[in-house]
Amino acid sequence: MKAFEYHRPHTVSEAVELLSRHQYEARILAGGQSLLNMMKWRLAAPSVLVDANRVAELSSIRKEDSAVRIGAMVRYRDLPSGVPEACGAIHDAVSVIADFQVRNLGTLGGSCCQADPFGDMPNVVVALGAEMTARSVRGERQISVDDFFLGPLQTALEPDEMLCAIRLPLGSARTGSAYEKFSWREGDFAIVSVAAAIGLDSAGSAVSGRIVVGGLGVGPVRLGRTEEVILGADKGADVIKAAADQASREVDPEDDRIYGSARYKRELVRTLTAKALARAWNRAENHKGSATR
Amino acid sequence: MGYIGRNIARREDRRLLVGRGRFIADMQFAGMLHARILRSPVAHARIKSVDLSAALALPGVAAAISSADTRSLRRYGSRHTGWPVGDNAVFLEDKVRFVGDEIAAVAAIDEFTARDAVELIEVDYEELPAVVDPEKAMADGAPIVHDELVRAGIIPSNVMATKTLRAGNIEAAAARADVTVSARFYCNRPVCNPLETHGVIALWDEATGELTVWSASQAVNLVRNGLAEVLDIPASKVRVIAPDIGGGFGVKVGLFAHEIIAALLSMKTGRPVRILLDRSEELSSCTSRCAQIRYSEMMLDRDGKILGWRERVVQDQGAYAYSGLSVLQMGSIIGILPYKIDNVLIDTFCVYTNKNSGGAYRAYGVPQTSFARDSLVHMAAKKLGCSAEDIMRRNIVRNEECPKTMSLGQIIDSTGVDQCLEKVVSEVDRLGWRKDPQPYHGVGFSTVLKHSSARHPRMDYDHDSVRVCLSSDGSISVETSACPQGQGMFTTLAQMVADRLGGSLDSVHVTGGDSSGPRGLGTWGARTITITGNALHRACGEARSKIAKVAAHVLEVDESELEIADSIVSVKGGSNRQLSFAEIVGICERHGKRLPKGMEPGPIDVLSSYDSPTSNPNEDGHANPTMTYSGAAHACYLKVDPETGKVTLLGYIMAEDCGVAINPVIVEGQHQGAVAMALGQVLYEGLEYDEAGQLLNSSLRDYYVPLATDIPDLSMVHDCSVPSTRTLFGQRSAGETGNPPPMAAVANALEEATGIRFTEMPITPDKILLALRARENAGGRS
């Protein structure tokens, strides 16, 4: 049996103190939906487990000026009631994550720190342009989500840092987002997923847009050239098709005997980009401000 | 007849539902050790050395074994091949032949310590090139999986066996045919994947030389004989017991290495040793459905009569023989039914590769052949401009022709399969599934006649025994050799006993799964309902006649004046003169003077055996390997998402002939389970290996079994049963008949939905979408 120390701090200060002391030896236990499986499979064998489930300050969702701040330990199941409709992609994603058991325990922060390339939430927070709040005994810092995910199972967090919150900006512009996922069976990891977020000016033209593809095995991938197709464009079937075609060209999937060939994944990227973008655009048009519902 | 045909609640259920089942993982013994097996991470390698010292030095480790401890053991597996030596042994010849093959094992105070210890074993591998593609494995110069068998002159190459099945004149049929359809079909490699993985506890008693083994096995007598042979101890001192078993589906038939390893570790330590395989081992290292490449050709005249069937079949056997040869032969003989095809030529090749071994899996080899057969029927219908069901009707064997001997020697005693076909076609029309064809929607059909017992092609016996014994309180003990795995078999057999003997159902207690009990081959190949059932008919008949004889004598009437029901023998005509079973047993056992003249005092205790009147294949492969044939026809209605290739099953209809259904609700559940399992095979499942023989999906994250949300409503089950004329209750099997038809039914529905013929299982969204896109690019329909 791989023995490990188990700590259950009640504050972030205590937690980061433990991380500071044990560095790479320690792992934060959030919802346990990934880490415990990895430990059972002996793919992870931390000698110190810091259980964050009693750290109350990490479990709240707060509305801030033009942002919503989600504590890292907020469970998937609690996201829909706390996150404004403007973050439609979060709502979409929660409904397709695994099963009830996982949604009852799994956390937004845990999913981001796990950085599973087939996970759902990393793609969504990248599409929403989140800001990640990390703390250590050295202090607090904000990490742009674009710099947070470094690769499969890798993030920008230092070994002594703990992810405390995910801040989702709520611009004054009309914004909308959506998440589309394809898997063979309900609740599976994505074979391909696409998160799209769009902001419109008063004339209805796109002034911001983010398209993020997941499931390619490398973590969330922003499609910069696809985003360029959207910027400045007015809504229409043509722009959505052009963006979907560009997305399909822009990705670089790998052949996979289980989940499908690269050609197939490109087809899925095209289909899912069109769907996600169309829905995000509709939502932006119908956007009624950023009130928490 | 009071109980047969009634939906009696399964007597097994309450105990299992409230958590009082007793599975291997529930069993505890004082001092029990827990063992883990080190398995090969590579497909093909010579083991140069195994160093157990670090594992043995770990605190809590009691023993460890590797090939140094097993070289003197006898090999096993020759039952299936007929070779002078088996092709399998624990840690055979210091070589590993597939990812998951055994290398060494450790017993420790708990499972975690055993896992830790296994990680400390140091192995020096000399990696060898792997053969993964069975057709390449047949080529000259291919790496040899069993070089030791080649050196011994037992086999020439990786081609471990060839066999040709023939009837009529295939060349003449080809010359006469108006239409010929052909394709290369690939049947994939799913695993049975029972809810409970394999597990075993072995307990060696050095003082008595007795070995007791509890194993999640479908065949305790086969395991007992196998262990005795391999370990060279008298079979009389080996006892194998199957407790509750959480599903089998074929993968728990026969001797497995972990059973031998547990016994060896118990012998070495003098303590009970348990091995529970985890899910990954269940996927990688137990047996799988025999994957096959079939080049199949069907010849027809312009009226849709099937004139000939020609095939070349290459079975991707994997690393060891297990029952693969018999799967290949039985599946080819039976799988071409239910159509009357006079001219047949099937060349079969069974080929070793560096993969998980093919073995028994629900419906044996019939689904492989059925997939090709009814796919070709559908393809022929397109060419002939008729419907697939027209061709099925034109060729299906009909009950009024029975008994009928088919071209490969299969004897159809009676059948409802023709009615099954009519029923599903009429139901599809009644439900209007084809009335207003929607884009990307389709309906497909398939039929089957499947064995209801399975005489192994290389075994000259196919029997079960049943012991019926009445106790002094009149209760009825029925000991069988059945090893049920969740089928509700003891409820079903109790219903048969109660009716045949005239006992009350509650007084009947049925047991099985213990090699100390009556002999028999176990529960597999759909044989328990027919072979155990017939043995039970005999045993109960004999007990009943003794009861009647005693009662007639005591009541001073002729036997013909008696009636027996609910454990009471009474004189017909409303008389109150009667004797209970308890009173009769009392007279037999303790009041000998009241017995008829010449009858010796003693218990009512009858042991009867039954061997099926079936046959082994002759040189042309002709055989009737089964008591009788259960029939089915299915219809599948589905739609395809043209943007993702995903298939949604919209409806499914089954019509089934299982002869006299003993317990209809159990039968229905069996059909539903068989279909769900088959839908997994055709749309989702299968072990996948890369070119180096590395297993790509050894966990349930990557190995897809269908979820409840993927299975359509399966409540449309229509009973088209015709009693068997060969079984003593008129019964046929039910558990496997539902498994073959979904393969072709889905593929045929997919052709209707997309215009594309899919010939390789599983038919995944990837294959479907890319085929749709390829056709669009070629200018086909969009």
# chains A, B, ... in the order shown; residues from 1 in each chain; ligands from 1
call {"tool": "residues_around", "arguments": {"residues": "Asp244 in chain B", "least_positions_apart": "3", "cutoff": "8 Å", "atoms": "only C-alpha atoms", "output": "list in words"}}
result
Gly21, Arg22, Phe23, Ile24, Ala216 and Gln485 of chain B
call {"tool": "write_last_selection", "arguments": {"atoms": "N, CA and C atoms", "output": "mmCIF file, in the first residue's frame"}}
result
data_model
loop_
_atom_site.group_PDB
_atom_site.id
_atom_site.type_symbol
_atom_site.label_atom_id
_atom_site.label_comp_id
_atom_site.auth_asym_id
_atom_site.auth_seq_id
_atom_site.Cartn_x
_atom_site.Cartn_y
_atom_site.Cartn_z
ATOM 1 N N GLY B 21 -25.887 -12.229 -1.292
ATOM 2 C CA GLY B 21 -25.201 -13.158 -2.193
ATOM 3 C C GLY B 21 -23.818 -13.464 -1.628
ATOM 4 N N ARG B 22 -23.277 -14.577 -2.054
ATOM 5 C CA ARG B 22 -21.965 -14.957 -1.555
ATOM 6 C C ARG B 22 -21.071 -15.236 -2.753
ATOM 7 N N PHE B 23 -20.318 -14.222 -3.107
ATOM 8 C CA PHE B 23 -19.410 -14.311 -4.243
ATOM 9 C C PHE B 23 -17.991 -14.548 -3.714
ATOM 10 N N ILE B 24 -17.081 -14.852 -4.615
ATOM 11 C CA ILE B 24 -15.700 -15.118 -4.181
ATOM 12 C C ILE B 24 -15.180 -13.951 -3.332
ATOM 13 N N ALA B 216 -15.188 -18.732 -9.453
ATOM 14 C CA ALA B 216 -16.293 -18.194 -10.255
ATOM 15 C C ALA B 216 -16.248 -18.904 -11.601
ATOM 16 N N GLN B 485 -25.149 -18.589 -13.468
ATOM 17 C CA GLN B 485 -24.406 -17.338 -13.274
ATOM 18 C C GLN B 485 -25.342 -16.150 -13.216
#
call {"tool": "select_by_dssp", "arguments": {"residues": "range 96-245 of chain A", "states": "strand (DSSP E or B)", "output": "ChimeraX atom specification"}}
result
/A:107,131-136,139-144,149-151,154-155,162-169,174-182,192-200,205-214,221-222,234
call {"tool": "closest_atom_pairs", "arguments": {"of": "range 136-172 of chain A", "to": "range 25-37 of chain A", "cutoff": "9 Å", "atoms": "only C-alpha atoms", "output": "Markdown table"}}
result
| residue | atom | partner | partner_atom | distance |
| --- | --- | --- | --- | --- |
| A:Pro159 | CA | A:Ala26 | CA | 8.1 |
| A:Asp160 | CA | A:Ala26 | CA | 8.7 |
| A:Met162 | CA | A:Ile28 | CA | 7.8 |
call {"tool": "closest_atom_pairs", "arguments": {"of": "chain A", "to": "chain B", "cutoff": "10 Å", "atoms": "only C-alpha atoms", "output": "Markdown table"}}
result
| residue | atom | partner | partner_atom | distance |
| --- | --- | --- | --- | --- |
| A:Met1 | CA | B:Phe112 | CA | 4.8 |
| A:Lys2 | CA | B:Asp116 | CA | 8.0 |
| A:Arg42 | CA | B:Arg115 | CA | 10.0 |
| A:Phe182 | CA | B:Thr644 | CA | 8.0 |
| A:Ser183 | CA | B:Lys646 | CA | 9.1 |
| A:Trp184 | CA | B:Lys646 | CA | 7.1 |
| A:Arg185 | CA | B:Asp710 | CA | 6.9 |
| A:Glu186 | CA | B:Thr709 | CA | 7.0 |
| A:Gly187 | CA | B:Leu707 | CA | 9.8 |
| A:Asp188 | CA | B:Arg701 | CA | 8.1 |
| A:Phe189 | CA | B:Arg701 | CA | 8.4 |
| A:Asp256 | CA | B:Leu696 | CA | 9.6 |
| A:Arg257 | CA | B:Glu688 | CA | 7.2 |
| A:Ile258 | CA | B:Asp702 | CA | 7.0 |
| A:Tyr259 | CA | B:Asp766 | CA | 7.7 |
| A:Gly260 | CA | B:Asp766 | CA | 5.4 |
| A:Ser261 | CA | B:Asp766 | CA | 7.1 |
| A:Ala262 | CA | B:Asp766 | CA | 9.7 |
| A:Arg263 | CA | B:Leu770 | CA | 7.7 |
| A:Tyr264 | CA | B:Asp766 | CA | 5.7 |
| A:Lys265 | CA | B:Asp766 | CA | 8.3 |
| A:Glu267 | CA | B:Thr644 | CA | 7.8 |
| A:Leu268 | CA | B:Thr644 | CA | 6.3 |
| A:Val269 | CA | B:Thr644 | CA | 9.9 |
| A:Arg270 | CA | B:Glu643 | CA | 9.1 |
| A:Thr271 | CA | B:Glu643 | CA | 6.3 |
| A:Leu272 | CA | B:Glu643 | CA | 9.0 |
call {"tool": "write_last_selection", "arguments": {"atoms": "N, CA and C atoms", "output": "PDB file, in the first residue's frame"}}
result
ATOM      1  N   MET A   1       0.847  -1.187   0.000  1.00  0.00           N
ATOM      2  CA  MET A   1       0.000   0.000   0.000  1.00  0.00           C
ATOM      3  C   MET A   1       0.887   1.242   0.000  1.00  0.00           C
ATOM      4  N   LYS A   2       0.536   2.196  -0.834  1.00  0.00           N
ATOM      5  CA  LYS A   2       1.305   3.435  -0.874  1.00  0.00           C
ATOM      6  C   LYS A   2       0.798   4.335   0.253  1.00  0.00           C
ATOM      7  N   ARG A  42      -2.597   3.693  -9.535  1.00  0.00           N
ATOM      8  CA  ARG A  42      -1.182   3.865  -9.246  1.00  0.00           C
ATOM      9  C   ARG A  42      -0.483   4.750 -10.274  1.00  0.00           C
ATOM     10  N   PHE A 182     -19.081  15.923 -28.252  1.00  0.00           N
ATOM     11  CA  PHE A 182     -19.515  14.657 -28.843  1.00  0.00           C
ATOM     12  C   PHE A 182     -18.796  13.494 -28.175  1.00  0.00           C
ATOM     13  N   SER A 183     -19.585  12.550 -27.720  1.00  0.00           N
ATOM     14  CA  SER A 183     -19.033  11.280 -27.251  1.00  0.00           C
ATOM     15  C   SER A 183     -20.007  10.206 -27.709  1.00  0.00           C
ATOM     16  N   TRP A 184     -19.529   8.979 -27.772  1.00  0.00           N
ATOM     17  CA  TRP A 184     -20.407   7.906 -28.245  1.00  0.00           C
ATOM     18  C   TRP A 184     -21.535   7.660 -27.271  1.00  0.00           C
ATOM     19  N   ARG A 185     -21.182   7.762 -25.991  1.00  0.00           N
ATOM     20  CA  ARG A 185     -22.183   7.433 -24.975  1.00  0.00           C
ATOM     21  C   ARG A 185     -22.394   8.662 -24.103  1.00  0.00           C
ATOM     22  N   GLU A 186     -23.564   8.720 -23.469  1.00  0.00           N
ATOM     23  CA  GLU A 186     -23.863   9.782 -22.523  1.00  0.00           C
ATOM     24  C   GLU A 186     -22.779   9.822 -21.454  1.00  0.00           C
ATOM     25  N   GLY A 187     -22.284  11.019 -21.167  1.00  0.00           N
ATOM     26  CA  GLY A 187     -21.443  11.170 -19.999  1.00  0.00           C
ATOM     27  C   GLY A 187     -19.991  10.774 -20.172  1.00  0.00           C
ATOM     28  N   ASP A 188     -19.609  10.331 -21.369  1.00  0.00           N
ATOM     29  CA  ASP A 188     -18.208   9.972 -21.559  1.00  0.00           C
ATOM     30  C   ASP A 188     -17.342  11.217 -21.695  1.00  0.00           C
ATOM     31  N   PHE A 189     -16.043  11.009 -21.604  1.00  0.00           N
ATOM     32  CA  PHE A 189     -15.128  12.072 -21.969  1.00  0.00           C
ATOM     33  C   PHE A 189     -15.367  12.408 -23.443  1.00  0.00           C
ATOM     34  N   ASP A 256      -6.574   7.801 -33.998  1.00  0.00           N
ATOM     35  CA  ASP A 256      -6.782   7.129 -32.736  1.00  0.00           C
ATOM     36  C   ASP A 256      -7.649   5.898 -33.007  1.00  0.00           C
ATOM     37  N   ARG A 257      -7.108   4.728 -32.651  1.00  0.00           N
ATOM     38  CA  ARG A 257      -7.825   3.490 -32.970  1.00  0.00           C
ATOM     39  C   ARG A 257      -9.131   3.346 -32.208  1.00  0.00           C
ATOM     40  N   ILE A 258      -9.181   3.966 -31.033  1.00  0.00           N
ATOM     41  CA  ILE A 258     -10.389   3.809 -30.233  1.00  0.00           C
ATOM     42  C   ILE A 258     -11.421   4.870 -30.601  1.00  0.00           C
ATOM     43  N   TYR A 259     -11.001   6.121 -30.613  1.00  0.00           N
ATOM     44  CA  TYR A 259     -11.980   7.206 -30.701  1.00  0.00           C
ATOM     45  C   TYR A 259     -12.179   7.742 -32.104  1.00  0.00           C
ATOM     46  N   GLY A 260     -11.323   7.344 -33.006  1.00  0.00           N
ATOM     47  CA  GLY A 260     -11.572   7.780 -34.359  1.00  0.00           C
ATOM     48  C   GLY A 260     -10.341   8.367 -35.030  1.00  0.00           C
ATOM     49  N   SER A 261     -10.436   8.413 -36.333  1.00  0.00           N
ATOM     50  CA  SER A 261      -9.315   8.888 -37.140  1.00  0.00           C
ATOM     51  C   SER A 261      -9.232  10.405 -37.078  1.00  0.00           C
ATOM     52  N   ALA A 262      -8.109  10.934 -37.502  1.00  0.00           N
ATOM     53  CA  ALA A 262      -7.924  12.387 -37.562  1.00  0.00           C
ATOM     54  C   ALA A 262      -8.969  13.014 -38.481  1.00  0.00           C
ATOM     55  N   ARG A 263      -9.245  12.339 -39.577  1.00  0.00           N
ATOM     56  CA  ARG A 263     -10.243  12.883 -40.526  1.00  0.00           C
ATOM     57  C   ARG A 263     -11.605  12.993 -39.861  1.00  0.00           C
ATOM     58  N   TYR A 264     -11.927  11.966 -39.076  1.00  0.00           N
ATOM     59  CA  TYR A 264     -13.217  11.987 -38.394  1.00  0.00           C
ATOM     60  C   TYR A 264     -13.279  13.131 -37.395  1.00  0.00           C
ATOM     61  N   LYS A 265     -12.205  13.310 -36.658  1.00  0.00           N
ATOM     62  CA  LYS A 265     -12.213  14.370 -35.655  1.00  0.00           C
ATOM     63  C   LYS A 265     -12.317  15.751 -36.323  1.00  0.00           C
ATOM     64  N   GLU A 267     -13.976  16.334 -38.991  1.00  0.00           N
ATOM     65  CA  GLU A 267     -15.399  16.462 -39.325  1.00  0.00           C
ATOM     66  C   GLU A 267     -16.198  16.878 -38.094  1.00  0.00           C
ATOM     67  N   LEU A 268     -15.855  16.271 -36.968  1.00  0.00           N
ATOM     68  CA  LEU A 268     -16.578  16.617 -35.740  1.00  0.00           C
ATOM     69  C   LEU A 268     -16.300  18.064 -35.351  1.00  0.00           C
ATOM     70  N   VAL A 269     -15.065  18.505 -35.522  1.00  0.00           N
ATOM     71  CA  VAL A 269     -14.736  19.901 -35.184  1.00  0.00           C
ATOM     72  C   VAL A 269     -15.603  20.835 -36.033  1.00  0.00           C
ATOM     73  N   ARG A 270     -15.760  20.513 -37.296  1.00  0.00           N
ATOM     74  CA  ARG A 270     -16.582  21.342 -38.183  1.00  0.00           C
ATOM     75  C   ARG A 270     -18.034  21.381 -37.675  1.00  0.00           C
ATOM     76  N   THR A 271     -18.575  20.198 -37.406  1.00  0.00           N
ATOM     77  CA  THR A 271     -19.970  20.118 -36.971  1.00  0.00           C
ATOM     78  C   THR A 271     -20.187  20.850 -35.639  1.00  0.00           C
ATOM     79  N   LEU A 272     -19.302  20.575 -34.698  1.00  0.00           N
ATOM     80  CA  LEU A 272     -19.505  21.122 -33.358  1.00  0.00           C
ATOM     81  C   LEU A 272     -19.223  22.626 -33.318  1.00  0.00           C
TER      82      LEU A 272
END
call {"tool": "atom_distance", "arguments": {"atom1": "CA of Met138 in chain B", "atom2": "CA of Met160 in chain B"}}
result
9.8 Å
